[in-house]
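A.B. asks: Structure file upload-v8.cif (mmCIF, N, CA and C atoms) is given on the next line.
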```cif
data_model
#
loop_
_atom_site.label_atom_id
_atom_site.label_comp_id
_atom_site.auth_asym_id
_atom_site.auth_seq_id
_atom_site.Cartn_x
_atom_site.Cartn_y
_atom_site.Cartn_z
N MET U 8 -6.46 -80.52 -24.80
CA MET U 8 -6.27 -79.93 -26.11
C MET U 8 -7.34 -78.85 -26.34
N ILE U 9 -6.93 -77.79 -26.99
CA ILE U 9 -7.87 -76.73 -27.33
C ILE U 9 -7.85 -76.51 -28.85
N THR U 10 -8.97 -76.06 -29.38
CA THR U 10 -9.10 -75.88 -30.82
C THR U 10 -8.48 -74.55 -31.26
N ARG U 11 -8.25 -74.45 -32.56
CA ARG U 11 -7.74 -73.20 -33.14
C ARG U 11 -8.70 -72.05 -32.85
N HIS U 12 -10.00 -72.34 -32.91
CA HIS U 12 -11.01 -71.32 -32.63
C HIS U 12 -10.86 -70.80 -31.20
N GLU U 13 -10.69 -71.71 -30.25
CA GLU U 13 -10.52 -71.30 -28.85
C GLU U 13 -9.22 -70.52 -28.66
N VAL U 14 -8.17 -70.91 -29.36
CA VAL U 14 -6.91 -70.16 -29.30
C VAL U 14 -7.13 -68.73 -29.78
N ALA U 15 -7.84 -68.58 -30.91
CA ALA U 15 -8.11 -67.23 -31.44
C ALA U 15 -8.92 -66.41 -30.44
N LEU U 16 -9.91 -67.03 -29.81
CA LEU U 16 -10.70 -66.33 -28.79
C LEU U 16 -9.82 -65.86 -27.65
N ARG U 17 -9.02 -66.77 -27.13
CA ARG U 17 -8.18 -66.44 -25.97
C ARG U 17 -7.11 -65.41 -26.28
N LEU U 18 -6.56 -65.47 -27.51
CA LEU U 18 -5.54 -64.49 -27.90
C LEU U 18 -6.16 -63.19 -28.41
N ASP U 19 -7.48 -63.19 -28.61
CA ASP U 19 -8.21 -62.04 -29.13
C ASP U 19 -7.70 -61.64 -30.51
N ILE U 20 -7.61 -62.66 -31.37
CA ILE U 20 -7.21 -62.44 -32.75
C ILE U 20 -8.25 -63.08 -33.67
N PRO U 21 -8.35 -62.63 -34.91
CA PRO U 21 -9.26 -63.27 -35.85
C PRO U 21 -8.84 -64.72 -36.13
N LEU U 22 -9.80 -65.57 -36.37
CA LEU U 22 -9.53 -66.96 -36.70
C LEU U 22 -8.67 -67.06 -37.96
N GLU U 23 -8.91 -66.17 -38.91
CA GLU U 23 -8.13 -66.16 -40.15
C GLU U 23 -6.65 -65.92 -39.86
N MET U 24 -6.36 -65.06 -38.89
CA MET U 24 -4.97 -64.77 -38.54
C MET U 24 -4.32 -66.01 -37.91
N ALA U 25 -5.06 -66.69 -37.05
CA ALA U 25 -4.53 -67.91 -36.43
C ALA U 25 -4.20 -68.95 -37.50
N ARG U 26 -5.09 -69.10 -38.46
CA ARG U 26 -4.89 -70.06 -39.55
C ARG U 26 -3.70 -69.64 -40.41
N ARG U 27 -3.63 -68.37 -40.76
CA ARG U 27 -2.58 -67.86 -41.64
C ARG U 27 -1.18 -68.03 -41.03
N HIS U 28 -1.09 -67.96 -39.70
CA HIS U 28 0.21 -68.05 -39.05
C HIS U 28 0.51 -69.45 -38.52
N GLY U 29 -0.23 -70.43 -39.02
CA GLY U 29 0.14 -71.82 -38.78
C GLY U 29 -0.26 -72.42 -37.45
N ILE U 30 -1.21 -71.81 -36.75
CA ILE U 30 -1.68 -72.44 -35.52
C ILE U 30 -2.47 -73.67 -35.94
N PRO U 31 -2.08 -74.84 -35.44
CA PRO U 31 -2.75 -76.08 -35.86
C PRO U 31 -4.19 -76.16 -35.36
N ASN U 32 -4.93 -77.16 -35.88
CA ASN U 32 -6.34 -77.34 -35.49
C ASN U 32 -6.50 -77.53 -33.99
N ARG U 33 -5.55 -78.18 -33.35
CA ARG U 33 -5.59 -78.40 -31.91
C ARG U 33 -4.19 -78.25 -31.34
N ILE U 34 -4.10 -77.60 -30.17
CA ILE U 34 -2.84 -77.49 -29.46
C ILE U 34 -3.10 -77.78 -27.98
N SER U 35 -2.04 -78.09 -27.27
CA SER U 35 -2.16 -78.38 -25.84
C SER U 35 -2.22 -77.07 -25.05
N GLU U 36 -2.68 -77.17 -23.82
CA GLU U 36 -2.70 -75.99 -22.94
C GLU U 36 -1.29 -75.45 -22.74
N GLU U 37 -0.30 -76.35 -22.67
CA GLU U 37 1.09 -75.93 -22.48
C GLU U 37 1.60 -75.15 -23.69
N GLU U 38 1.26 -75.63 -24.90
CA GLU U 38 1.64 -74.92 -26.12
C GLU U 38 0.97 -73.55 -26.18
N PHE U 39 -0.28 -73.50 -25.75
CA PHE U 39 -0.98 -72.21 -25.74
C PHE U 39 -0.32 -71.25 -24.76
N ALA U 40 -0.01 -71.73 -23.56
CA ALA U 40 0.61 -70.89 -22.55
C ALA U 40 1.94 -70.32 -23.06
N GLU U 41 2.71 -71.15 -23.76
CA GLU U 41 3.98 -70.69 -24.33
C GLU U 41 3.74 -69.62 -25.40
N LEU U 42 2.77 -69.85 -26.28
CA LEU U 42 2.43 -68.88 -27.32
C LEU U 42 1.97 -67.56 -26.73
N ASP U 43 1.17 -67.64 -25.69
CA ASP U 43 0.64 -66.43 -25.05
C ASP U 43 1.72 -65.66 -24.29
N SER U 44 2.58 -66.37 -23.60
CA SER U 44 3.60 -65.68 -22.77
C SER U 44 4.82 -65.25 -23.57
N ASN U 45 5.13 -65.95 -24.67
CA ASN U 45 6.26 -65.60 -25.54
C ASN U 45 5.75 -65.48 -26.97
N PRO U 46 4.99 -64.42 -27.25
CA PRO U 46 4.36 -64.33 -28.58
C PRO U 46 5.38 -64.16 -29.70
N PRO U 47 5.12 -64.83 -30.84
CA PRO U 47 5.96 -64.59 -32.01
C PRO U 47 5.76 -63.15 -32.50
N ALA U 48 6.61 -62.73 -33.40
CA ALA U 48 6.60 -61.33 -33.85
C ALA U 48 5.23 -60.90 -34.36
N TRP U 49 4.55 -61.75 -35.14
CA TRP U 49 3.25 -61.38 -35.70
C TRP U 49 2.21 -61.14 -34.62
N LEU U 50 2.24 -61.95 -33.55
CA LEU U 50 1.28 -61.78 -32.46
C LEU U 50 1.62 -60.55 -31.62
N ALA U 51 2.90 -60.33 -31.38
CA ALA U 51 3.31 -59.14 -30.64
C ALA U 51 2.90 -57.88 -31.40
N GLN U 52 3.08 -57.89 -32.72
CA GLN U 52 2.69 -56.74 -33.54
C GLN U 52 1.18 -56.55 -33.52
N SER U 53 0.43 -57.63 -33.60
CA SER U 53 -1.03 -57.54 -33.55
C SER U 53 -1.48 -56.92 -32.24
N ARG U 54 -0.88 -57.35 -31.14
CA ARG U 54 -1.24 -56.80 -29.83
C ARG U 54 -0.87 -55.33 -29.73
N ALA U 55 0.28 -54.95 -30.30
CA ALA U 55 0.71 -53.55 -30.26
C ALA U 55 -0.22 -52.66 -31.09
N ASN U 56 -0.80 -53.22 -32.15
CA ASN U 56 -1.68 -52.43 -33.03
C ASN U 56 -3.10 -52.29 -32.49
N ARG U 57 -3.46 -53.05 -31.49
CA ARG U 57 -4.82 -53.01 -30.96
C ARG U 57 -5.07 -51.67 -30.27
N THR U 58 -6.13 -51.02 -30.67
CA THR U 58 -6.48 -49.74 -30.05
C THR U 58 -7.53 -49.91 -28.98
N GLY U 59 -8.19 -51.07 -28.97
CA GLY U 59 -9.24 -51.31 -27.98
C GLY U 59 -10.58 -50.72 -28.36
N LYS U 60 -10.66 -50.04 -29.49
CA LYS U 60 -11.91 -49.41 -29.89
C LYS U 60 -12.93 -50.43 -30.39
N LYS U 61 -12.49 -51.39 -31.16
CA LYS U 61 -13.40 -52.38 -31.72
C LYS U 61 -12.95 -53.77 -31.26
N PRO U 62 -13.82 -54.48 -30.57
CA PRO U 62 -13.42 -55.81 -30.12
C PRO U 62 -13.28 -56.78 -31.29
N VAL U 63 -12.35 -57.72 -31.15
CA VAL U 63 -12.17 -58.73 -32.18
C VAL U 63 -13.30 -59.76 -32.08
N TRP U 64 -13.69 -60.09 -30.84
CA TRP U 64 -14.74 -61.07 -30.58
C TRP U 64 -15.75 -60.48 -29.62
N VAL U 65 -17.01 -60.84 -29.78
CA VAL U 65 -18.05 -60.50 -28.80
C VAL U 65 -18.79 -61.78 -28.44
N GLN U 66 -19.31 -61.80 -27.23
CA GLN U 66 -20.07 -62.95 -26.76
C GLN U 66 -21.55 -62.62 -26.89
N LEU U 67 -22.26 -63.37 -27.72
CA LEU U 67 -23.70 -63.19 -27.89
C LEU U 67 -24.40 -64.18 -26.96
N LYS U 68 -25.50 -63.74 -26.35
CA LYS U 68 -26.25 -64.61 -25.45
C LYS U 68 -27.74 -64.39 -25.65
N CYS U 69 -28.47 -65.48 -25.86
CA CYS U 69 -29.91 -65.40 -26.03
C CYS U 69 -30.55 -64.97 -24.71
N ASP U 70 -31.38 -63.94 -24.77
CA ASP U 70 -32.05 -63.45 -23.57
C ASP U 70 -33.20 -64.34 -23.13
N ILE U 71 -33.51 -65.37 -23.91
CA ILE U 71 -34.60 -66.29 -23.56
C ILE U 71 -34.05 -67.60 -22.98
N CYS U 72 -33.18 -68.27 -23.74
CA CYS U 72 -32.71 -69.59 -23.29
C CYS U 72 -31.27 -69.60 -22.77
N GLY U 73 -30.52 -68.52 -23.00
CA GLY U 73 -29.16 -68.45 -22.49
C GLY U 73 -28.09 -69.03 -23.39
N PHE U 74 -28.45 -69.51 -24.60
CA PHE U 74 -27.45 -70.03 -25.53
C PHE U 74 -26.42 -68.94 -25.81
N GLU U 75 -25.14 -69.31 -25.81
CA GLU U 75 -24.07 -68.35 -26.04
C GLU U 75 -23.21 -68.74 -27.23
N GLU U 76 -22.65 -67.71 -27.87
CA GLU U 76 -21.78 -67.92 -29.02
C GLU U 76 -20.82 -66.75 -29.12
N ALA U 77 -19.55 -67.05 -29.37
CA ALA U 77 -18.55 -66.01 -29.60
C ALA U 77 -18.45 -65.79 -31.10
N VAL U 78 -18.57 -64.53 -31.52
CA VAL U 78 -18.53 -64.20 -32.95
C VAL U 78 -17.74 -62.92 -33.17
N ARG U 79 -17.37 -62.70 -34.42
CA ARG U 79 -16.74 -61.44 -34.81
C ARG U 79 -17.86 -60.42 -35.03
N PRO U 80 -17.82 -59.26 -34.37
CA PRO U 80 -18.88 -58.27 -34.56
C PRO U 80 -18.81 -57.64 -35.95
N LYS U 81 -19.96 -57.21 -36.43
CA LYS U 81 -20.04 -56.56 -37.73
C LYS U 81 -20.27 -55.06 -37.54
N LYS U 82 -19.73 -54.27 -38.43
CA LYS U 82 -19.86 -52.81 -38.33
C LYS U 82 -21.31 -52.36 -38.42
N TRP U 83 -22.13 -53.12 -39.13
CA TRP U 83 -23.51 -52.71 -39.38
C TRP U 83 -24.45 -53.05 -38.23
N TRP U 84 -23.99 -53.77 -37.21
CA TRP U 84 -24.87 -54.12 -36.10
C TRP U 84 -25.24 -52.88 -35.29
N PRO U 85 -26.52 -52.66 -35.06
CA PRO U 85 -26.91 -51.57 -34.15
C PRO U 85 -26.76 -52.05 -32.71
N ALA U 86 -27.06 -51.18 -31.77
CA ALA U 86 -27.07 -51.58 -30.35
C ALA U 86 -28.36 -52.36 -30.12
N PHE U 87 -28.23 -53.60 -29.69
CA PHE U 87 -29.41 -54.45 -29.51
C PHE U 87 -29.99 -54.29 -28.11
N SER U 88 -31.31 -54.25 -28.05
CA SER U 88 -32.00 -54.26 -26.76
C SER U 88 -32.06 -55.68 -26.23
N TYR U 89 -32.27 -56.63 -27.14
CA TYR U 89 -32.34 -58.05 -26.79
C TYR U 89 -31.74 -58.86 -27.93
N LEU U 90 -31.30 -60.06 -27.60
CA LEU U 90 -30.90 -61.06 -28.59
C LEU U 90 -31.68 -62.32 -28.30
N SER U 91 -32.16 -62.97 -29.35
CA SER U 91 -32.84 -64.24 -29.14
C SER U 91 -32.48 -65.19 -30.27
N CYS U 92 -32.53 -66.47 -29.99
CA CYS U 92 -32.33 -67.48 -31.03
C CYS U 92 -33.47 -67.33 -32.04
N SER U 93 -33.20 -67.61 -33.28
CA SER U 93 -34.19 -67.39 -34.32
C SER U 93 -35.44 -68.27 -34.17
N HIS U 94 -35.37 -69.35 -33.41
CA HIS U 94 -36.54 -70.22 -33.26
C HIS U 94 -37.50 -69.76 -32.16
N HIS U 95 -37.10 -68.78 -31.36
CA HIS U 95 -38.00 -68.27 -30.32
C HIS U 95 -39.05 -67.34 -30.93
N LEU U 96 -40.19 -67.26 -30.29
CA LEU U 96 -41.26 -66.38 -30.74
C LEU U 96 -41.06 -64.99 -30.15
N PRO U 97 -41.46 -63.94 -30.86
CA PRO U 97 -41.30 -62.57 -30.34
C PRO U 97 -41.99 -62.37 -28.99
N GLY U 98 -43.10 -63.05 -28.75
CA GLY U 98 -43.83 -62.90 -27.49
C GLY U 98 -43.10 -63.44 -26.27
N GLU U 99 -41.99 -64.16 -26.48
CA GLU U 99 -41.22 -64.68 -25.36
C GLU U 99 -40.34 -63.61 -24.72
N LEU U 100 -40.17 -62.48 -25.39
CA LEU U 100 -39.40 -61.35 -24.85
C LEU U 100 -40.34 -60.40 -24.13
N PRO U 101 -39.81 -59.58 -23.22
CA PRO U 101 -40.65 -58.57 -22.58
C PRO U 101 -41.27 -57.65 -23.64
N GLN U 102 -42.49 -57.25 -23.41
CA GLN U 102 -43.18 -56.36 -24.34
C GLN U 102 -42.55 -54.97 -24.29
N PRO U 103 -42.47 -54.29 -25.43
CA PRO U 103 -41.93 -52.93 -25.43
C PRO U 103 -42.92 -51.97 -24.77
N ALA U 104 -42.39 -50.87 -24.28
CA ALA U 104 -43.25 -49.83 -23.70
C ALA U 104 -44.12 -49.23 -24.80
N ASP U 105 -45.15 -48.51 -24.41
CA ASP U 105 -46.10 -47.94 -25.38
C ASP U 105 -45.45 -47.01 -26.40
N ASN U 106 -44.45 -46.26 -25.98
CA ASN U 106 -43.83 -45.28 -26.86
C ASN U 106 -42.60 -45.83 -27.58
N VAL U 107 -42.46 -47.15 -27.65
CA VAL U 107 -41.27 -47.77 -28.23
C VAL U 107 -41.63 -48.51 -29.52
N TYR U 108 -40.83 -48.30 -30.53
CA TYR U 108 -40.94 -49.01 -31.81
C TYR U 108 -39.90 -50.12 -31.79
N ARG U 109 -40.32 -51.34 -32.05
CA ARG U 109 -39.42 -52.49 -32.02
C ARG U 109 -39.23 -53.03 -33.43
N HIS U 110 -37.97 -53.31 -33.79
CA HIS U 110 -37.72 -53.99 -35.06
C HIS U 110 -36.64 -55.06 -34.86
N GLU U 111 -36.65 -56.02 -35.78
CA GLU U 111 -35.75 -57.16 -35.70
C GLU U 111 -34.65 -57.05 -36.75
N VAL U 112 -33.47 -57.55 -36.40
CA VAL U 112 -32.33 -57.61 -37.31
C VAL U 112 -31.92 -59.08 -37.41
N ASP U 113 -32.12 -59.66 -38.57
CA ASP U 113 -31.77 -61.07 -38.77
C ASP U 113 -30.30 -61.23 -39.11
N GLY U 114 -29.81 -62.46 -38.97
CA GLY U 114 -28.45 -62.79 -39.40
C GLY U 114 -27.37 -62.39 -38.42
N ILE U 115 -27.66 -62.43 -37.14
CA ILE U 115 -26.67 -62.10 -36.13
C ILE U 115 -26.05 -63.41 -35.64
N GLY U 116 -24.75 -63.56 -35.83
CA GLY U 116 -24.11 -64.83 -35.48
C GLY U 116 -24.68 -65.95 -36.32
N SER U 117 -24.66 -67.16 -35.77
CA SER U 117 -25.14 -68.30 -36.53
C SER U 117 -26.64 -68.54 -36.39
N ARG U 118 -27.27 -67.93 -35.36
CA ARG U 118 -28.68 -68.27 -35.12
C ARG U 118 -29.48 -67.20 -34.41
N PHE U 119 -28.97 -65.99 -34.30
CA PHE U 119 -29.63 -64.98 -33.50
C PHE U 119 -30.42 -63.98 -34.33
N VAL U 120 -31.40 -63.40 -33.67
CA VAL U 120 -32.14 -62.25 -34.17
C VAL U 120 -31.90 -61.15 -33.16
N GLY U 121 -31.45 -60.00 -33.63
CA GLY U 121 -31.26 -58.86 -32.75
C GLY U 121 -32.53 -58.05 -32.68
N ILE U 122 -32.90 -57.64 -31.49
CA ILE U 122 -34.10 -56.84 -31.27
C ILE U 122 -33.65 -55.44 -30.88
N VAL U 123 -34.16 -54.45 -31.60
CA VAL U 123 -33.80 -53.06 -31.34
C VAL U 123 -35.07 -52.32 -30.94
N ASP U 124 -35.08 -51.74 -29.76
CA ASP U 124 -36.19 -50.92 -29.29
C ASP U 124 -35.78 -49.46 -29.39
N GLU U 125 -36.60 -48.69 -30.09
CA GLU U 125 -36.33 -47.26 -30.26
C GLU U 125 -37.55 -46.47 -29.82
N VAL U 126 -37.31 -45.37 -29.15
CA VAL U 126 -38.40 -44.54 -28.69
C VAL U 126 -39.01 -43.83 -29.89
N SER U 127 -40.34 -43.93 -30.02
CA SER U 127 -41.07 -43.27 -31.11
C SER U 127 -41.08 -41.77 -30.88
N ARG U 128 -41.06 -41.04 -31.95
CA ARG U 128 -41.08 -39.57 -31.83
C ARG U 128 -42.37 -39.02 -32.33
#
```
For the structure just supplied, provide its representation as structure tokens.
C.D. replies:
Amino acid sequence: MITRHEVALRLDIPLEMARRHGIPNRISEEEFAELDSNPPAWLAQSRANRTGKKPVWVQLKCDICGFEEAVRPKKWWPAFSYLSCSHHLPGELPQPADNVYRHEVDGIGSRFVGIVDEVSR
């Protein structure tokens, strides 16, 4: 059995869409295979509308401990140099170069801090 969340990940659709179209909390691998190979009209339309420019899901991974999480990306996220779980200390990451300004972005996924390194001018 797989969860609705896993179904949304595999189909590359928002979890809200899976819920709205009646995908149950858990389905079998066989039910998923049928849904994927013979999509209902709403899923076929969703796939046809995908431009590929913005991913529905991204995989976040801590650069220190390797913890991973699939989340919906936010428009306001910058390009991160590193990601770390919020409980790690900044000194656990590689030190920035002398000409680099480092800042942190909180609230990434359920537990991450995004680290952005920018060259000072």
A.B. asks: Between atom C of Ser44 of chain U and atom CA of Glu75 of chain U, what distance in Å does the model show, to one decimal?
C.D. replies: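 One can read the atom C of Ser44 of chain U to atom CA of Glu75 of chain U distance as 29.2 Å.
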A.B. asks: Once DSSP has gone over the backbone, tell me which residues of chain U are in helix (DSSP H, G or I), as a PyMOL selection string.
C.D. replies: chain U and resi 11-18+22-27+36-44+48-56+97-99
A.B. asks: Any idea what's packed within 12 Å of Ala104 of chain U, counting only C-alpha atoms, ignoring anything in its chain fewer than 6 positions away? Could you give it as a list of chain:residue names?
C.D. replies: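 Final neighbour list, sorted by chain and number: U:Asp124, U:Glu125, U:Val126, U:Ser127.
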A.B. asks: What is the distance, in Å and to one decimal place, between atom CA of Trp64 of chain U and atom CA of Tyr108 of chain U?
C.D. replies: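 So the answer is 28.9 Å.
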A.B. asks: From a backbone DSSP assignment, name each residue in segment 15-74 of chain U labelled strand (DSSP E), as a count of residues only.
C.D. replies: 6
A.B. asks: In Å, with one decimal, what is the gap from atom CA of Val112 of chain U to atom N of Val63 of chain U?
C.D. replies: 20.9 Å
A.B. asks: With distances taken over all atoms listed in the file, which residue among U:Leu22, U:Cys92, U:Leu42, U:Ile9 lies nearest Phe119 of chain U?
C.D. replies: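 Comparing U:Leu22, U:Cys92, U:Leu42, U:Ile9 against Phe119 of chain U, the winner is U:Cys92.
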A.B. asks: Kindly provide, as JSON, the centre and edge lengths (Å, one decimal) of an axis-aligned box around all atoms of segment 8-26 of chain U given in the file, with 5 Å on each side.
C.D. replies:
```
{"center_x": -7.4, "center_y": -71.1, "center_z": -32.6, "size_x": 17.3, "size_y": 28.9, "size_z": 25.6}
```
A.B. asks: With all atoms listed in the file as the basis for distance, which of U:Pro46, U:Gly116, U:Ser35, U:His12 is at the shortest distance from Arg79 of chain U?
C.D. replies: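 Counting all atoms listed in the file, the residue closest to Arg79 of chain U is U:Gly116.
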A.B. asks: Would you mind completing segment 47-68 of chain U to N, CA, C and O atoms and writing the output as an mmCIF file, in the coordinates of the input?
C.D. replies:
```cif
data_model
loop_
_atom_site.group_PDB
_atom_site.id
_atom_site.type_symbol
_atom_site.label_atom_id
_atom_site.label_comp_id
_atom_site.auth_asym_id
_atom_site.auth_seq_id
_atom_site.Cartn_x
_atom_site.Cartn_y
_atom_site.Cartn_z
ATOM 1 N N PRO U 47 5.120 -64.830 -30.840
ATOM 2 C CA PRO U 47 5.960 -64.590 -32.010
ATOM 3 C C PRO U 47 5.760 -63.150 -32.500
ATOM 4 O O PRO U 47 4.835 -62.455 -32.065
ATOM 5 N N ALA U 48 6.610 -62.730 -33.400
ATOM 6 C CA ALA U 48 6.600 -61.330 -33.850
ATOM 7 C C ALA U 48 5.230 -60.900 -34.360
ATOM 8 O O ALA U 48 4.752 -59.800 -34.070
ATOM 9 N N TRP U 49 4.550 -61.750 -35.140
ATOM 10 C CA TRP U 49 3.250 -61.380 -35.700
ATOM 11 C C TRP U 49 2.210 -61.140 -34.620
ATOM 12 O O TRP U 49 1.386 -60.241 -34.737
ATOM 13 N N LEU U 50 2.240 -61.950 -33.550
ATOM 14 C CA LEU U 50 1.280 -61.780 -32.460
ATOM 15 C C LEU U 50 1.620 -60.550 -31.620
ATOM 16 O O LEU U 50 0.726 -59.796 -31.233
ATOM 17 N N ALA U 51 2.900 -60.330 -31.380
ATOM 18 C CA ALA U 51 3.310 -59.140 -30.640
ATOM 19 C C ALA U 51 2.900 -57.880 -31.400
ATOM 20 O O ALA U 51 2.400 -56.918 -30.795
ATOM 21 N N GLN U 52 3.080 -57.890 -32.720
ATOM 22 C CA GLN U 52 2.690 -56.740 -33.540
ATOM 23 C C GLN U 52 1.180 -56.550 -33.520
ATOM 24 O O GLN U 52 0.687 -55.415 -33.413
ATOM 25 N N SER U 53 0.430 -57.630 -33.600
ATOM 26 C CA SER U 53 -1.030 -57.540 -33.550
ATOM 27 C C SER U 53 -1.480 -56.920 -32.240
ATOM 28 O O SER U 53 -2.355 -56.050 -32.213
ATOM 29 N N ARG U 54 -0.880 -57.350 -31.140
ATOM 30 C CA ARG U 54 -1.240 -56.800 -29.830
ATOM 31 C C ARG U 54 -0.870 -55.330 -29.730
ATOM 32 O O ARG U 54 -1.612 -54.534 -29.164
ATOM 33 N N ALA U 55 0.280 -54.950 -30.300
ATOM 34 C CA ALA U 55 0.710 -53.550 -30.260
ATOM 35 C C ALA U 55 -0.220 -52.660 -31.090
ATOM 36 O O ALA U 55 -0.418 -51.485 -30.753
ATOM 37 N N ASN U 56 -0.800 -53.220 -32.150
ATOM 38 C CA ASN U 56 -1.680 -52.430 -33.030
ATOM 39 C C ASN U 56 -3.100 -52.290 -32.490
ATOM 40 O O ASN U 56 -3.878 -51.506 -33.022
ATOM 41 N N ARG U 57 -3.460 -53.050 -31.490
ATOM 42 C CA ARG U 57 -4.820 -53.010 -30.960
ATOM 43 C C ARG U 57 -5.070 -51.670 -30.270
ATOM 44 O O ARG U 57 -4.333 -51.271 -29.401
ATOM 45 N N THR U 58 -6.130 -51.020 -30.670
ATOM 46 C CA THR U 58 -6.480 -49.740 -30.050
ATOM 47 C C THR U 58 -7.530 -49.910 -28.980
ATOM 48 O O THR U 58 -7.769 -49.001 -28.200
ATOM 49 N N GLY U 59 -8.190 -51.070 -28.970
ATOM 50 C CA GLY U 59 -9.240 -51.310 -27.980
ATOM 51 C C GLY U 59 -10.580 -50.720 -28.360
ATOM 52 O O GLY U 59 -11.553 -50.868 -27.639
ATOM 53 N N LYS U 60 -10.660 -50.040 -29.490
ATOM 54 C CA LYS U 60 -11.910 -49.410 -29.890
ATOM 55 C C LYS U 60 -12.930 -50.430 -30.390
ATOM 56 O O LYS U 60 -14.103 -50.330 -30.095
ATOM 57 N N LYS U 61 -12.490 -51.390 -31.160
ATOM 58 C CA LYS U 61 -13.400 -52.380 -31.720
ATOM 59 C C LYS U 61 -12.950 -53.770 -31.260
ATOM 60 O O LYS U 61 -11.826 -54.180 -31.540
ATOM 61 N N PRO U 62 -13.820 -54.480 -30.570
ATOM 62 C CA PRO U 62 -13.420 -55.810 -30.120
ATOM 63 C C PRO U 62 -13.280 -56.780 -31.290
ATOM 64 O O PRO U 62 -13.972 -56.657 -32.286
ATOM 65 N N VAL U 63 -12.350 -57.720 -31.150
ATOM 66 C CA VAL U 63 -12.170 -58.730 -32.180
ATOM 67 C C VAL U 63 -13.300 -59.760 -32.080
ATOM 68 O O VAL U 63 -13.815 -60.226 -33.066
ATOM 69 N N TRP U 64 -13.690 -60.090 -30.840
ATOM 70 C CA TRP U 64 -14.740 -61.070 -30.580
ATOM 71 C C TRP U 64 -15.750 -60.480 -29.620
ATOM 72 O O TRP U 64 -15.379 -59.711 -28.730
ATOM 73 N N VAL U 65 -17.010 -60.840 -29.780
ATOM 74 C CA VAL U 65 -18.050 -60.500 -28.800
ATOM 75 C C VAL U 65 -18.790 -61.780 -28.440
ATOM 76 O O VAL U 65 -18.867 -62.718 -29.236
ATOM 77 N N GLN U 66 -19.310 -61.800 -27.230
ATOM 78 C CA GLN U 66 -20.070 -62.950 -26.760
ATOM 79 C C GLN U 66 -21.550 -62.620 -26.890
ATOM 80 O O GLN U 66 -22.033 -61.675 -26.270
ATOM 81 N N LEU U 67 -22.260 -63.370 -27.720
ATOM 82 C CA LEU U 67 -23.700 -63.190 -27.890
ATOM 83 C C LEU U 67 -24.400 -64.180 -26.960
ATOM 84 O O LEU U 67 -23.965 -65.319 -26.818
ATOM 85 N N LYS U 68 -25.500 -63.740 -26.350
ATOM 86 C CA LYS U 68 -26.250 -64.610 -25.450
ATOM 87 C C LYS U 68 -27.740 -64.390 -25.650
ATOM 88 O O LYS U 68 -28.214 -63.243 -25.623
#
```
